[in-house]
file data.txt (compact mmCIF, C-alpha atoms)
# COMPACT_ATOMS: atom_id res chain seq x y z
CA MET A 1 0.00 0.00 0.00
CA LEU A 2 2.82 2.38 0.84
CA ARG A 3 4.44 1.85 -2.57
CA MET A 4 1.09 2.46 -4.28
CA ALA A 5 0.75 5.69 -2.34
CA ILE A 6 4.24 6.75 -3.34
CA ARG A 7 3.49 6.06 -6.97
CA HIS A 8 0.18 7.92 -6.75
CA PHE A 9 1.79 10.99 -5.23
CA GLY A 10 4.70 10.74 -7.67
CA GLU A 11 2.37 10.80 -10.64
CA SER A 12 0.23 13.61 -9.31
CA PHE A 13 3.04 15.91 -8.17
CA LEU A 14 6.09 15.09 -10.28
CA MET A 15 4.17 15.52 -13.52
CA ARG A 16 3.59 19.13 -12.52
CA ARG A 17 7.30 19.63 -13.41
CA SER A 18 7.91 22.08 -10.61
CA THR A 19 10.21 22.32 -7.63
CA LEU A 20 7.15 22.70 -5.41
CA GLY A 21 5.73 19.39 -6.63
CA ILE A 22 8.85 17.47 -5.65
CA CYS A 23 9.13 19.21 -2.28
CA VAL A 24 5.49 18.36 -1.47
CA PHE A 25 6.08 14.80 -2.63
CA ALA A 26 9.07 14.49 -0.30
CA ALA A 27 7.08 15.92 2.60
CA LEU A 28 4.14 13.59 2.02
CA VAL A 29 6.27 10.45 2.19
CA GLY A 30 7.91 11.86 5.31
CA ASP A 31 11.52 11.04 4.41
CA ILE A 32 13.38 12.62 1.49
CA ALA A 33 15.92 9.81 1.43
CA PHE A 34 13.08 7.35 1.02
CA ALA A 35 11.69 9.51 -1.79
CA GLN A 36 15.07 9.48 -3.51
CA ASN A 37 15.25 5.71 -3.33
CA ALA A 38 11.76 5.44 -4.79
CA VAL A 39 12.73 7.68 -7.72
CA VAL A 40 15.97 5.78 -8.35
CA ASP A 41 14.16 2.44 -8.26
CA THR A 42 11.54 3.72 -10.68
CA LEU A 43 14.11 5.11 -13.13
CA ASN A 44 16.20 1.94 -12.96
CA ARG A 45 13.37 0.02 -14.58
CA PHE A 46 14.21 1.91 -17.78
CA THR A 47 18.00 1.51 -17.73
CA GLY A 48 20.07 -0.94 -19.74
CA SER A 49 23.69 -0.29 -18.75
CA GLY A 50 25.93 0.72 -15.87
CA PRO A 51 26.34 4.33 -17.07
CA GLN A 52 22.56 4.67 -17.44
CA ARG A 53 22.07 3.42 -13.89
CA GLU A 54 24.61 5.95 -12.65
CA THR A 55 22.73 8.73 -14.44
CA ALA A 56 19.46 7.48 -12.95
CA ARG A 57 21.04 7.47 -9.49
CA ALA A 58 22.17 11.09 -9.87
CA VAL A 59 18.73 12.18 -11.05
CA GLY A 60 17.06 10.23 -8.26
CA VAL A 61 19.18 11.84 -5.56
CA LEU A 62 19.13 15.40 -6.87
CA CYS A 63 15.64 15.79 -8.29
CA PRO A 64 13.50 15.19 -5.16
CA ALA A 65 15.74 17.48 -3.07
CA GLY A 66 14.20 20.48 -4.81
CA ASN A 67 16.90 22.98 -3.81
CA ARG A 68 20.18 21.73 -5.32
CA LEU A 69 19.62 22.43 -9.01
CA THR A 70 19.23 25.31 -11.44
CA PRO A 71 15.59 25.88 -12.45
CA ARG A 72 16.36 24.53 -15.93
CA LEU A 73 17.86 21.27 -14.66
CA GLN A 74 15.09 20.93 -12.07
CA ASN A 75 12.44 21.17 -14.79
CA ASP A 76 14.23 18.61 -16.96
CA CYS A 77 14.54 16.27 -13.98
CA ASN A 78 10.88 16.68 -13.07
CA SER A 79 9.79 15.86 -16.60
CA LEU A 80 11.90 12.70 -16.72
CA VAL A 81 10.89 11.46 -13.26
CA GLY A 82 7.22 12.23 -13.77
CA ALA A 83 7.19 10.28 -17.04
CA ALA A 84 8.91 7.37 -15.30
CA PHE A 85 6.17 7.21 -12.64
CA GLN A 86 3.62 7.24 -15.46
CA ASN A 87 5.46 4.24 -16.95
CA ASN A 88 6.09 6.09 -20.22
CA ALA A 89 8.15 3.71 -22.39
CA ASN A 90 10.03 6.68 -23.91
CA VAL A 91 11.85 7.16 -20.59
CA ALA A 92 14.23 4.39 -21.68
CA THR A 93 15.10 6.40 -24.80
CA ALA A 94 15.45 9.59 -22.76
CA LEU A 95 17.82 7.99 -20.24
CA ARG A 96 19.87 6.48 -23.04
CA GLN A 97 20.13 9.89 -24.71
CA VAL A 98 20.90 11.82 -21.51
CA THR A 99 23.67 9.40 -20.50
CA ALA A 100 26.97 10.67 -21.93
CA ASP A 101 28.27 7.40 -23.36
CA ASN A 102 30.97 9.36 -25.21
CA ALA A 103 32.47 10.95 -22.08
CA THR A 104 35.45 8.55 -22.11
CA ILE A 105 36.15 8.75 -25.85
CA PRO A 106 38.40 11.88 -25.77
CA ILE A 107 41.13 9.66 -24.29
CA ASP A 108 40.19 6.74 -26.54
CA ARG A 109 42.95 4.17 -26.19
CA SER A 110 42.63 2.97 -29.79
CA GLY A 111 44.28 6.17 -30.98
CA LEU A 112 47.03 6.54 -28.39
CA GLY A 113 50.57 6.03 -29.59
CA LYS A 114 49.62 6.08 -33.26
CA PHE A 115 51.81 9.11 -33.99
CA THR A 116 55.06 7.30 -34.73
CA PRO A 117 57.27 8.59 -37.56
CA ILE A 118 59.82 5.80 -37.00
CA ARG A 119 59.20 2.09 -36.72
CA VAL A 120 61.59 -0.80 -37.17
CA PRO A 121 64.32 -0.13 -39.75
CA GLY A 122 63.02 -0.86 -43.17
CA SER A 123 59.43 -0.07 -42.32
CA PRO A 124 57.44 2.12 -44.69
CA ALA A 125 57.11 4.88 -42.09
CA GLY A 126 60.66 5.13 -40.76
CA PRO A 127 63.72 7.15 -41.74
CA GLY A 128 64.37 4.51 -44.36
CA TRP A 129 68.11 4.52 -44.93
CA SER A 130 68.67 1.16 -43.23
CA ALA A 131 65.89 -0.37 -45.31
CA LEU A 132 68.18 -0.26 -48.29
CA MET A 133 71.20 -1.97 -46.71
CA THR A 134 70.54 -5.47 -48.04
CA ASP A 135 72.45 -7.90 -50.22
CA GLU A 136 71.98 -5.30 -52.95
CA ASP A 137 74.03 -2.74 -51.02
CA GLU A 138 76.31 -2.19 -53.94
CA VAL A 139 73.37 -1.05 -56.06
CA ALA A 140 72.26 1.55 -53.52
CA LEU A 141 75.83 2.72 -52.96
CA ALA A 142 76.40 3.02 -56.68
CA LEU A 143 73.33 5.21 -56.88
CA ASN A 144 74.14 7.51 -53.97
CA GLY A 145 77.73 7.08 -52.83
CA ASP A 146 78.79 5.75 -49.42
CA GLY A 147 76.04 7.66 -47.54
CA GLU A 148 78.17 8.15 -44.42
CA ASN A 149 77.82 11.28 -42.26
CA SER A 150 74.91 12.46 -44.40
CA TRP A 151 71.72 14.36 -43.66
CA SER A 152 68.23 13.34 -44.71
CA ALA A 153 64.97 15.26 -44.85
CA TYR A 154 61.61 13.62 -45.40
CA ALA A 155 57.89 14.24 -45.65
CA GLN A 156 55.17 11.72 -44.90
CA LEU A 157 51.43 11.82 -45.56
CA ARG A 158 49.16 9.65 -43.51
CA PHE A 159 45.46 8.80 -43.82
CA ASP A 160 43.52 6.91 -41.12
CA SER A 161 40.06 5.38 -41.16
CA ASP A 162 38.83 3.90 -37.86
CA GLU A 163 35.52 2.38 -36.88
CA ARG A 164 34.58 1.45 -33.33
CA LYS A 165 31.53 -0.65 -32.55
CA GLN A 166 28.95 0.68 -30.11
CA SER A 167 28.64 -1.10 -26.77
CA LEU A 168 26.52 -0.84 -23.62
CA ASN A 169 29.06 1.46 -21.96
CA GLU A 170 30.35 3.59 -24.83
CA ASP A 171 29.26 5.16 -28.08
CA GLY A 172 30.84 3.85 -31.22
CA PHE A 173 32.33 6.16 -33.82
CA ASP A 174 33.59 6.49 -37.36
CA ARG A 175 36.83 8.46 -37.53
CA ASP A 176 38.66 9.82 -40.55
CA ALA A 177 42.06 11.46 -40.16
CA ARG A 178 44.91 12.87 -42.19
CA GLY A 179 48.34 14.02 -41.16
CA LEU A 180 51.65 15.42 -42.35
CA THR A 181 55.03 14.60 -40.81
CA LEU A 182 58.18 16.60 -41.60
CA GLY A 183 61.48 15.35 -40.26
CA ALA A 184 65.24 15.33 -40.58
CA ASP A 185 67.96 13.01 -39.33
CA ARG A 186 71.72 12.74 -39.38
CA ARG A 187 73.54 9.55 -40.22
CA PHE A 188 76.89 8.90 -38.54
CA GLY A 189 78.78 6.26 -40.46
CA ALA A 190 77.01 3.04 -41.36
CA ASN A 191 75.75 2.23 -37.86
CA LEU A 192 74.10 5.21 -36.15
CA TYR A 193 71.51 7.87 -36.84
CA VAL A 194 69.61 10.51 -34.80
CA GLY A 195 66.72 12.68 -35.86
CA GLY A 196 63.58 14.59 -35.05
CA ALA A 197 60.15 15.11 -36.57
CA LEU A 198 57.09 17.37 -36.37
CA SER A 199 53.64 15.93 -37.12
CA LEU A 200 50.40 17.80 -37.74
CA HIS A 201 47.25 15.73 -37.67
CA ARG A 202 43.50 16.33 -38.00
CA SER A 203 40.78 13.81 -37.13
CA ASP A 204 36.99 13.99 -37.41
CA SER A 205 34.79 11.51 -35.52
CA ASP A 206 31.05 10.94 -35.80
CA TYR A 207 29.42 9.13 -32.89
CA THR A 208 26.88 6.40 -33.51
CA ASP A 209 23.14 7.15 -33.55
CA ASN A 210 23.87 10.78 -34.46
CA SER A 211 24.79 11.42 -30.81
CA GLY A 212 27.61 13.88 -31.53
CA THR A 213 30.99 14.60 -33.05
CA LEU A 214 34.59 15.04 -31.94
CA ASP A 215 37.26 16.92 -33.90
CA ALA A 216 40.91 16.97 -32.85
CA ASP A 217 43.89 18.97 -34.09
CA ASP A 218 47.12 17.27 -32.99
CA THR A 219 50.68 18.52 -32.92
CA ALA A 220 53.39 15.95 -32.18
CA PHE A 221 57.15 16.27 -31.61
CA HIS A 222 59.48 13.28 -31.80
CA LEU A 223 63.13 12.62 -31.11
CA TYR A 224 64.57 9.27 -32.19
CA SER A 225 67.82 7.40 -32.63
CA GLY A 226 68.87 4.05 -34.06
CA TRP A 227 71.89 1.79 -34.21
CA GLN A 228 72.71 -1.39 -36.10
CA ASN A 229 75.79 -3.56 -36.39
CA GLU A 230 77.28 -5.38 -39.33
CA ALA A 231 75.66 -8.67 -38.32
CA GLY A 232 72.16 -7.20 -38.71
CA PHE A 233 71.14 -6.55 -35.08
CA HIS A 234 69.45 -3.16 -34.58
CA LEU A 235 68.10 -1.01 -31.74
CA ASP A 236 65.83 2.01 -32.08
CA GLY A 237 64.43 4.46 -29.53
CA LEU A 238 61.73 7.11 -29.75
CA LEU A 239 60.45 9.87 -27.46
CA GLY A 240 57.21 11.56 -28.43
CA LEU A 241 54.95 14.32 -27.13
CA THR A 242 51.53 15.00 -28.66
CA ARG A 243 49.25 17.91 -27.78
CA SER A 244 45.65 17.87 -28.98
CA ASP A 245 43.08 20.64 -29.26
CA ILE A 246 39.67 18.93 -29.09
CA SER A 247 36.20 20.21 -29.96
CA GLN A 248 33.25 18.01 -29.05
CA VAL A 249 29.51 18.18 -29.63
CA ARG A 250 27.09 15.92 -27.72
CA LYS A 251 23.50 15.65 -28.93
CA VAL A 252 20.38 14.68 -26.96
CA GLY A 253 16.92 14.20 -28.43
CA TYR A 254 13.73 12.60 -27.07
CA THR A 255 10.00 13.19 -26.53
CA LEU A 256 8.10 12.65 -23.27
CA GLY A 257 4.43 13.51 -23.71
CA THR A 258 4.32 17.18 -24.67
CA THR A 259 7.99 17.72 -23.74
CA VAL A 260 10.29 17.68 -26.76
CA VAL A 261 14.06 17.81 -26.29
CA ASP A 262 16.45 18.58 -29.15
CA GLN A 263 19.72 19.79 -27.64
CA SER A 264 23.38 20.06 -28.54
CA TYR A 265 26.18 20.70 -26.03
CA ASP A 266 29.56 22.11 -27.04
CA SER A 267 32.84 21.61 -25.22
CA GLY A 268 36.47 22.38 -25.92
CA PHE A 269 39.52 21.05 -24.10
CA ASP A 270 43.12 19.85 -24.52
CA SER A 271 44.81 16.51 -24.14
CA GLU A 272 48.44 15.40 -23.97
CA GLU A 273 50.18 12.12 -24.75
CA ARG A 274 53.72 11.06 -23.86
CA LEU A 275 55.29 8.09 -25.60
CA LEU A 276 58.49 6.11 -25.11
CA ALA A 277 59.15 3.33 -27.62
CA LEU A 278 62.06 0.88 -27.93
CA THR A 279 62.56 -1.59 -30.79
CA ALA A 280 65.05 -4.43 -31.13
CA GLY A 281 65.39 -6.72 -34.11
CA PHE A 282 67.65 -8.74 -36.32
CA ARG A 283 67.83 -8.43 -40.09
CA PHE A 284 69.20 -11.20 -42.25
CA ASN A 285 69.14 -11.97 -45.94
CA ARG A 286 68.45 -14.98 -48.10
CA ASP A 287 69.59 -13.91 -51.55
CA ALA A 288 67.15 -11.14 -52.52
CA LEU A 289 64.85 -11.87 -49.57
CA ASN A 290 65.28 -9.68 -46.48
CA LEU A 291 63.77 -10.96 -43.18
CA ASN A 292 63.53 -8.82 -40.06
CA PRO A 293 61.97 -10.26 -36.85
CA TYR A 294 61.54 -7.59 -34.18
CA LEU A 295 60.18 -6.74 -30.74
CA ARG A 296 58.82 -3.34 -29.86
CA ILE A 297 57.66 -2.03 -26.48
CA GLU A 298 55.79 1.23 -25.98
CA ALA A 299 55.00 3.02 -22.73
CA ILE A 300 52.13 5.51 -23.13
CA ASP A 301 50.95 8.12 -20.63
CA ALA A 302 48.00 10.30 -21.60
CA SER A 303 45.71 12.85 -19.95
CA THR A 304 42.72 14.94 -20.96
CA ASP A 305 41.72 18.20 -19.27
CA ALA A 306 38.45 18.62 -17.41
CA TYR A 307 35.71 20.44 -19.29
CA THR A 308 32.15 21.72 -18.98
CA GLU A 309 29.57 21.46 -21.72
CA ARG A 310 27.60 24.51 -22.96
CA SER A 311 24.06 24.14 -24.25
CA ARG A 312 23.39 25.73 -27.62
CA ALA A 313 19.82 26.53 -26.49
CA PRO A 314 20.19 27.30 -22.76
CA ASP A 315 16.53 28.26 -22.26
CA ALA A 316 15.06 25.26 -24.07
CA ASN A 317 14.05 21.83 -22.79
CA GLY A 318 17.03 19.56 -22.06
CA ALA A 319 19.55 22.35 -21.48
CA GLY A 320 19.93 21.15 -17.90
CA TRP A 321 21.56 17.89 -19.01
CA ALA A 322 24.87 19.65 -19.74
CA LEU A 323 27.73 17.95 -17.88
CA SER A 324 31.02 18.82 -16.24
CA VAL A 325 33.55 16.05 -16.90
CA GLY A 326 36.64 15.54 -14.76
CA GLU A 327 40.19 15.01 -15.96
CA LEU A 328 40.90 11.64 -17.58
CA GLU A 329 44.21 9.78 -17.35
CA GLU A 330 45.54 6.59 -18.91
CA ASN A 331 48.83 4.70 -18.57
CA PHE A 332 49.60 1.43 -20.32
CA THR A 333 52.25 -0.51 -22.23
CA ARG A 334 52.02 -2.13 -25.64
CA LEU A 335 54.27 -4.96 -26.85
CA SER A 336 54.57 -5.88 -30.53
CA ALA A 337 56.25 -9.02 -31.86
CA GLY A 338 56.53 -8.99 -35.60
CA LEU A 339 58.24 -10.14 -38.76
CA ARG A 340 58.92 -7.97 -41.77
CA ALA A 341 59.80 -9.59 -45.06
CA ALA A 342 61.00 -7.63 -48.09
CA PHE A 343 62.15 -8.71 -51.51
CA VAL A 344 64.79 -6.68 -53.33
CA ILE A 345 64.22 -5.90 -56.98
CA SER A 346 66.94 -4.03 -58.90
CA GLY A 347 65.68 -1.83 -61.69
CA GLU A 348 67.34 0.42 -64.19
CA ASN A 349 66.64 3.54 -62.16
CA GLY A 350 66.65 2.23 -58.60
CA VAL A 351 66.13 -0.49 -56.00
CA TYR A 352 62.59 -1.52 -55.06
CA GLN A 353 61.47 -3.53 -52.02
CA PRO A 354 57.92 -4.86 -51.80
CA PHE A 355 57.32 -5.75 -48.14
CA LEU A 356 54.93 -7.56 -45.82
CA ASP A 357 54.87 -6.81 -42.08
CA ILE A 358 52.90 -9.05 -39.68
CA ALA A 359 52.75 -8.39 -35.93
CA TRP A 360 50.92 -9.54 -32.82
CA ILE A 361 50.22 -6.74 -30.33
CA SER A 362 49.65 -7.30 -26.61
CA VAL A 363 48.45 -4.49 -24.33
CA SER A 364 48.82 -4.45 -20.55
CA GLY A 365 47.93 -1.99 -17.80
CA LEU A 366 44.73 -0.75 -19.44
CA ASP A 367 42.03 0.23 -16.99
CA ALA A 368 38.30 0.35 -17.66
CA GLN A 369 38.72 4.10 -17.18
CA ALA A 370 35.55 5.74 -15.84
CA ALA A 371 34.72 9.39 -16.42
CA ASN A 372 33.90 11.29 -13.23
CA VAL A 373 31.06 13.65 -14.13
CA ARG A 374 28.41 15.88 -12.58
CA PHE A 375 25.57 17.98 -13.91
CA ALA A 376 26.72 21.52 -14.69
CA GLY A 377 23.46 22.75 -13.14
CA ASP A 378 24.17 21.07 -9.79
CA LEU A 379 24.11 23.94 -7.24
CA SER A 380 24.66 21.80 -4.17
CA THR A 381 27.38 24.13 -2.88
CA ASN A 382 24.72 26.82 -2.43
CA VAL A 383 23.15 24.68 0.29
CA SER A 384 26.46 23.62 1.85
CA GLN A 385 26.56 20.24 0.16
CA SER A 386 29.03 18.72 -2.28
CA PRO A 387 28.02 18.38 -5.94
CA LEU A 388 26.95 14.86 -6.75
CA GLN A 389 29.67 13.09 -8.72
CA PHE A 390 28.84 9.96 -10.67
CA LEU A 391 30.92 7.60 -12.81
CA LEU A 392 30.40 6.70 -16.46
CA ALA A 393 32.36 3.51 -17.03
CA ALA A 394 34.39 2.73 -20.15
CA ASP A 395 34.77 -0.65 -21.79
CA GLU A 396 37.67 -2.94 -21.16
CA GLU A 397 39.66 -2.83 -24.39
CA ASP A 398 40.89 -5.88 -26.27
CA ASP A 399 44.34 -6.71 -24.89
CA GLY A 400 45.55 -8.70 -27.89
CA TYR A 401 45.16 -8.28 -31.64
CA GLY A 402 47.11 -8.46 -34.89
CA SER A 403 48.44 -5.99 -37.45
CA VAL A 404 49.21 -6.55 -41.13
CA ALA A 405 50.98 -4.09 -43.42
CA LEU A 406 52.07 -4.28 -47.03
CA GLY A 407 53.62 -1.85 -49.46
CA VAL A 408 56.80 -0.95 -51.28
CA SER A 409 59.88 1.19 -50.57
CA ALA A 410 62.28 2.44 -53.19
CA GLN A 411 65.73 4.01 -53.56
CA TRP A 412 66.46 6.12 -56.60
CA ALA A 413 69.50 7.96 -57.86
CA ASN A 414 70.56 11.37 -56.56
CA GLY A 415 69.62 10.62 -52.95
CA PHE A 416 65.85 10.20 -53.31
CA ALA A 417 63.84 7.44 -51.63
CA GLY A 418 60.13 6.84 -51.23
CA PHE A 419 57.57 4.45 -49.77
CA ALA A 420 53.87 3.62 -49.83
CA GLY A 421 52.16 1.33 -47.33
CA LEU A 422 48.79 0.11 -46.10
CA ARG A 423 48.27 -1.15 -42.53
CA GLN A 424 45.21 -2.92 -41.10
CA ASN A 425 44.51 -4.34 -37.63
CA VAL A 426 42.92 -7.78 -37.32
CA GLY A 427 41.21 -9.59 -34.47
CA ASP A 428 40.30 -6.52 -32.38
CA ASP A 429 36.86 -7.13 -30.88
CA ARG A 430 35.55 -3.58 -31.15
CA LEU A 431 37.87 -1.60 -33.40
CA ASP A 432 38.76 -1.68 -37.10
CA THR A 433 41.63 0.56 -38.21
CA ARG A 434 43.19 1.24 -41.59
CA GLN A 435 46.21 3.40 -42.24
CA ILE A 436 47.81 4.57 -45.49
CA ASP A 437 51.34 6.04 -45.48
CA LEU A 438 53.03 7.84 -48.37
CA GLY A 439 56.52 9.32 -48.02
CA LEU A 440 59.44 10.88 -49.82
CA ARG A 441 63.00 11.23 -48.49
CA TYR A 442 66.05 13.11 -49.76
CA GLU A 443 69.56 12.33 -48.53
CA PHE A 444 72.27 14.93 -48.96

call {"tool": "encode", "arguments": {"input": "data.txt", "output": "structure tokens"}}
result
Amino acid sequence: MLRMAIRHFGESFLMRRSTLGICVFAALVGDIAFAQNAVVDTLNRFTGSGPQRETARAVGVLCPAGNRLTPRLQNDCNSLVGAAFQNNANVATALRQVTADNATIPIDRSGLGKFTPIRVPGSPAGPGWSALMTDEDEVALALNGDGENSWSAYAQLRFDSDERKQSLNEDGFDRDARGLTLGADRRFGANLYVGGALSLHRSDSDYTDNSGTLDADDTAFHLYSGWQNEAGFHLDGLLGLTRSDISQVRKVGYTLGTTVVDQSYDSGFDSEERLLALTAGFRFNRDALNLNPYLRIEAIDASTDAYTERSRAPDANGAGWALSVGELEENFTRLSAGLRAAFVISGENGVYQPFLDIAWISVSGLDAQAANVRFAGDLSTNVSQSPLQFLLAADEEDDGYGSVALGVSAQWANGFAGFAGLRQNVGDDRLDTRQIDLGLRYEF
């Protein structure tokens, strides 16, 4: 009987969409904490994921209080809760829309560490001089001299296409990106080189179900060095720093009775990524065939600044669902074990190496990073209470998957070299990535 009374009062007062209605409701049941629990329980009947339940909990705690929210957020809360007590099936859609499933995507782990202008020697994206030191050395040397103590400058174009599947905890996305890397390195004899590179990168992501977009402008700086001996053993090291300027739009749309919500929330913030990578391998030749097994370990540390969303229509329905998102951090390591095979073809005007690179990638230290958020319209501090923080969990990422690359590198006369390559991941449960690299190098 008590629950029926609660529901009756909830329907009669909460549907009035007013602070007074919720306060009277709380007074009638005699215990505001009990009222909060009743609201949370009612909303939870319409949830389908952990983040949605967290959002329902926040609404259930804040809405009946009647004095902790801006008028706009209070009205939006009242509308949602009142519809829930009326058993309106559209509440499930509204909760799904209000829940910021994309809050963890700005530090999306699938994109971390992808800015790498140097890979194992001989790769399509690296400095490239050691790629040409095969059994056909005499051809390359005849084209360009001994190459010792020389400088090289290079430019690389890169195009990415990524697709992430939607899950219960996170939005999916389609991401297209393009980038330019400019670099220079110095070769000391036949065994050592050092260099640096600047990368500029732009990516555009569309979230699934038309729930928003994310655009990022990245600037990356890299310092690298490599050494190899006459037997074919090589070591390479890389330090990288990437700064990103991110613009995000989150969209919310639903209808509850006569209440129609069609909102967009803008936010802008920065992120930073630090990368240390070490590669060891051994190159050996079988006639014109060049084989290069290698191991690569990467340590990645990334962070994203806190931000607060801004409603594009602050006086319209749904404006109260704007969020403040706390800083995000991620630290993990990635180990790659691979084999690169290239075949040397001598032509009239140069040396060409078609290649195939296959690697297995293992990731460790990844957390199911949760975003710590609160409603921007939470005014709890005005009544000497702390704003209500709630967590929007991220998915656990796949900790093992493969990578396949193929392409061709070339050495021409007068110090010019070039490469073209295509890379694709395989076996990742949620993410598909494709990468195209095109580059030109000049040694002088």

call {"tool": "residues_around", "arguments": {"input": "data.txt", "residues": "Val91 (chain A)", "least_positions_apart": "6", "cutoff": "9 Å", "atoms": "all atoms listed in the file", "output": "PyMOL selection string"}}
result
chain A and resi 43+46-47+80-81+83-84+254-256

call {"tool": "residues_around", "arguments": {"input": "data.txt", "residues": "region 401-404 of chain A", "least_positions_apart": "4", "cutoff": "6 Å", "atoms": "all atoms listed in the file", "output": "PDB file with C-alpha atoms, keeping the file's coordinate frame"}}
result
ATOM      1  CA  ASP A 357      54.870  -6.810 -42.080  1.00  0.00           C
ATOM      2  CA  ILE A 358      52.900  -9.050 -39.680  1.00  0.00           C
ATOM      3  CA  ALA A 359      52.750  -8.390 -35.930  1.00  0.00           C
ATOM      4  CA  TRP A 360      50.920  -9.540 -32.820  1.00  0.00           C
ATOM      5  CA  ILE A 361      50.220  -6.740 -30.330  1.00  0.00           C
ATOM      6  CA  ARG A 423      48.270  -1.150 -42.530  1.00  0.00           C
ATOM      7  CA  GLN A 424      45.210  -2.920 -41.100  1.00  0.00           C
ATOM      8  CA  ASN A 425      44.510  -4.340 -37.630  1.00  0.00           C
ATOM      9  CA  VAL A 426      42.920  -7.780 -37.320  1.00  0.00           C
ATOM     10  CA  GLY A 427      41.210  -9.590 -34.470  1.00  0.00           C
ATOM     11  CA  ASP A 428      40.300  -6.520 -32.380  1.00  0.00           C
TER      12      ASP A 428
END

call {"tool": "residues_near_point", "arguments": {"input": "data.txt", "point": "(55.5, 13.1, -44.9)", "cutoff": "12 Å", "atoms": "all atoms listed in the file", "output": "PyMOL selection string"}}
result
chain A and resi 116-118+124-127+153-159+178-184+197-201+418-420+436-442

call {"tool": "residues_near_point", "arguments": {"input": "data.txt", "point": "(39.3, 19.6, -14.9)", "cutoff": "7 Å", "atoms": "all atoms listed in the file", "output": "ChimeraX atom specification"}}
result
/A:305-307,326-327

call {"tool": "write_last_selection", "arguments": {"input": "data.txt", "atoms": "C-alpha atoms", "output": "PDB file, in the coordinates of the input"}}
result
ATOM      1  CA  ASP A 305      41.720  18.200 -19.270  1.00  0.00           C
ATOM      2  CA  ALA A 306      38.450  18.620 -17.410  1.00  0.00           C
ATOM      3  CA  TYR A 307      35.710  20.440 -19.290  1.00  0.00           C
ATOM      4  CA  GLY A 326      36.640  15.540 -14.760  1.00  0.00           C
ATOM      5  CA  GLU A 327      40.190  15.010 -15.960  1.00  0.00           C
TER       6      GLU A 327
END

call {"tool": "atom_distance", "arguments": {"input": "data.txt", "atom1": "CA of Ala370 (chain A)", "atom2": "CA of Ser49 (chain A)"}}
result
13.6 Å

call {"tool": "closest_residue", "arguments": {"input": "data.txt", "among": "A:Ala410, A:Leu323, A:Val383, A:Ala89", "to": "Asp101 (chain A)", "atoms": "all atoms listed in the file"}}
result
A:Leu323

call {"tool": "axis_aligned_box", "arguments": {"input": "data.txt", "around": "region 329-339 of chain A", "padding_each_side": "6 Å", "output": "lines of an AutoDock Vina configuration file"}}
result
center_x = 51.2
center_y = -0.2
center_z = -28.1
size_x = 26.0
size_y = 31.9
size_z = 33.4

call {"tool": "build_atoms", "arguments": {"input": "data.txt", "residues": "region 260-271 of chain A", "atoms": "N, CA and C atoms", "output": "mmCIF file, in the coordinates of the input"}}
result
data_model
loop_
_atom_site.group_PDB
_atom_site.id
_atom_site.type_symbol
_atom_site.label_atom_id
_atom_site.label_comp_id
_atom_site.auth_asym_id
_atom_site.auth_seq_id
_atom_site.Cartn_x
_atom_site.Cartn_y
_atom_site.Cartn_z
ATOM 1 N N VAL A 260 9.396 18.059 -25.667
ATOM 2 C CA VAL A 260 10.290 17.680 -26.760
ATOM 3 C C VAL A 260 11.671 18.256 -26.481
ATOM 4 N N VAL A 261 12.669 17.395 -26.524
ATOM 5 C CA VAL A 261 14.060 17.810 -26.290
ATOM 6 C C VAL A 261 14.873 17.601 -27.556
ATOM 7 N N ASP A 262 15.527 18.643 -27.995
ATOM 8 C CA ASP A 262 16.450 18.580 -29.150
ATOM 9 C C ASP A 262 17.604 19.511 -28.838
ATOM 10 N N GLN A 263 18.628 18.974 -28.178
ATOM 11 C CA GLN A 263 19.720 19.790 -27.640
ATOM 12 C C GLN A 263 21.068 19.352 -28.174
ATOM 13 N N SER A 264 21.975 20.322 -28.243
ATOM 14 C CA SER A 264 23.380 20.060 -28.540
ATOM 15 C C SER A 264 24.220 20.787 -27.501
ATOM 16 N N TYR A 265 25.293 20.140 -27.046
ATOM 17 C CA TYR A 265 26.180 20.700 -26.030
ATOM 18 C C TYR A 265 27.597 20.738 -26.590
ATOM 19 N N ASP A 266 28.196 21.919 -26.539
ATOM 20 C CA ASP A 266 29.560 22.110 -27.040
ATOM 21 C C ASP A 266 30.547 22.059 -25.885
ATOM 22 N N SER A 267 31.743 21.569 -26.193
ATOM 23 C CA SER A 267 32.840 21.610 -25.220
ATOM 24 C C SER A 267 34.161 21.676 -25.980
ATOM 25 N N GLY A 268 35.133 22.285 -25.355
ATOM 26 C CA GLY A 268 36.470 22.380 -25.920
ATOM 27 C C GLY A 268 37.500 22.167 -24.829
ATOM 28 N N PHE A 269 38.527 21.382 -25.121
ATOM 29 C CA PHE A 269 39.520 21.050 -24.100
ATOM 30 C C PHE A 269 40.772 20.526 -24.793
ATOM 31 N N ASP A 270 41.827 20.323 -23.998
ATOM 32 C CA ASP A 270 43.120 19.850 -24.520
ATOM 33 C C ASP A 270 43.441 18.488 -23.939
ATOM 34 N N SER A 271 44.272 17.764 -24.654
ATOM 35 C CA SER A 271 44.810 16.510 -24.140
ATOM 36 C C SER A 271 46.290 16.431 -24.478
#
